[in-house]
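What follows is a single structure, written as structure tokens, with notes after it.
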Amino acid sequence: MDIFNVVSKQIDSTTSYNADHAKTSDLQKKQQIQQNTTTTSSEIKNKRDKKDIQQHLNNTVKRLNDQMDSLNINIKFGFNDKIDTMFVDVTEKNTGKLIRKIPSEETMKLAEKMKEIIGMIFDKKG
């Protein structure tokens with residue numbers, strides 16, 4: 001009879017362990033699904049916010065350029081989408097020749113490459 005009691009206790013503890021493990025596994029799966037859903041919705045919100053910001057910046061650049069034209073000043077504002085930065089072009093009034101670009105074209109290209117390199121280093125898919 002002692003053997004029967006010991007074996008039945010082992011079976012009960014194994015069954016209890018398996019049931020607890022299954023509950024934990026189900027809970028982990030549910031948490032993972034919630035986390036993925038939250039991540040997806042926040043990514044969508046971030047993309048929407050980024051589009052709104054870019055639209056706002058483009059409108060601001062247009063208004064600034066309109067104001068500069070009305071004041072007869074040869075300064076043009078722009079926005080570089082690749083590095084998310086505004087820039088200013090100063091031109092010669094008579095010829096339209098570019099006098100200065102702030103930040104310079106080289107600086108913007110360097111920033112674009114740095115952003116690309118950082119993207120490769122910290123890529124979530126990799």
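Labeling convention for the structure tokens: chains A, B, ... as they appear, residues from 1 per chain, ligands from 1 in order of appearance.
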Q | Those of range 60-111 of chain A in DSSP alpha helix (DSSP H), formatted as number ranges by chain | A | A: 60-70, 105-111
Using only C-alpha atoms, please write the residues we just selected to a file, as a CSV table (one decimal), in the first residue's frame.
```csv
chain,number,residue,atom,x,y,z
A,60,THR,CA,5.6,76.1,-42.5
A,61,VAL,CA,8.4,76.1,-45.2
A,62,LYS,CA,5.8,77.2,-47.8
A,63,ARG,CA,4.6,80.1,-45.6
A,64,LEU,CA,8.2,81.2,-44.8
A,65,ASN,CA,9.0,81.2,-48.5
A,66,ASP,CA,5.9,83.2,-49.3
A,67,GLN,CA,6.8,85.7,-46.6
A,68,MET,CA,10.4,86.0,-48.0
A,69,ASP,CA,9.1,86.6,-51.5
A,70,SER,CA,6.7,89.3,-50.3
A,105,GLU,CA,25.1,70.0,-48.9
A,106,GLU,CA,28.1,68.0,-47.7
A,107,THR,CA,26.8,68.1,-44.1
A,108,MET,CA,23.3,66.9,-45.1
A,109,LYS,CA,24.8,64.0,-47.2
A,110,LEU,CA,27.0,63.1,-44.2
A,111,ALA,CA,24.0,63.2,-41.9
```
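Between CA of Lys93 in chain A and CA of Asn74 in chain A the interatomic distance comes to 6.0 Å.
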Q) Could you pull the residues within 12 Å of Glu92 in chain A, counting only C-alpha atoms, minus those fewer than 6 positions along the same chain, as a PyMOL selection string? A) chain A and resi 72-76+98-101
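Atom pair CA of Ser42 in chain A / CA of His56 in chain A: separated by 20.6 Å.
Comparing A:Leu71, A:Glu112, A:Asn59, A:Lys51 by their smallest distance to Thr85 in chain A, the closest is A:Glu112 (using only C-alpha atoms).
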Q. When distances are computed from only C-alpha atoms, which of A:Asp123, A:Asp81, A:Glu116, A:Asp89 shows the smallest separation from Lys50 in chain A?
A. A:Asp81
(Q) I'd like the interatomic distance between CA of Gly78 in chain A and CA of Ile102 in chain A, to a tenth of an Å. (A)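 It comes out at 10.2 Å.
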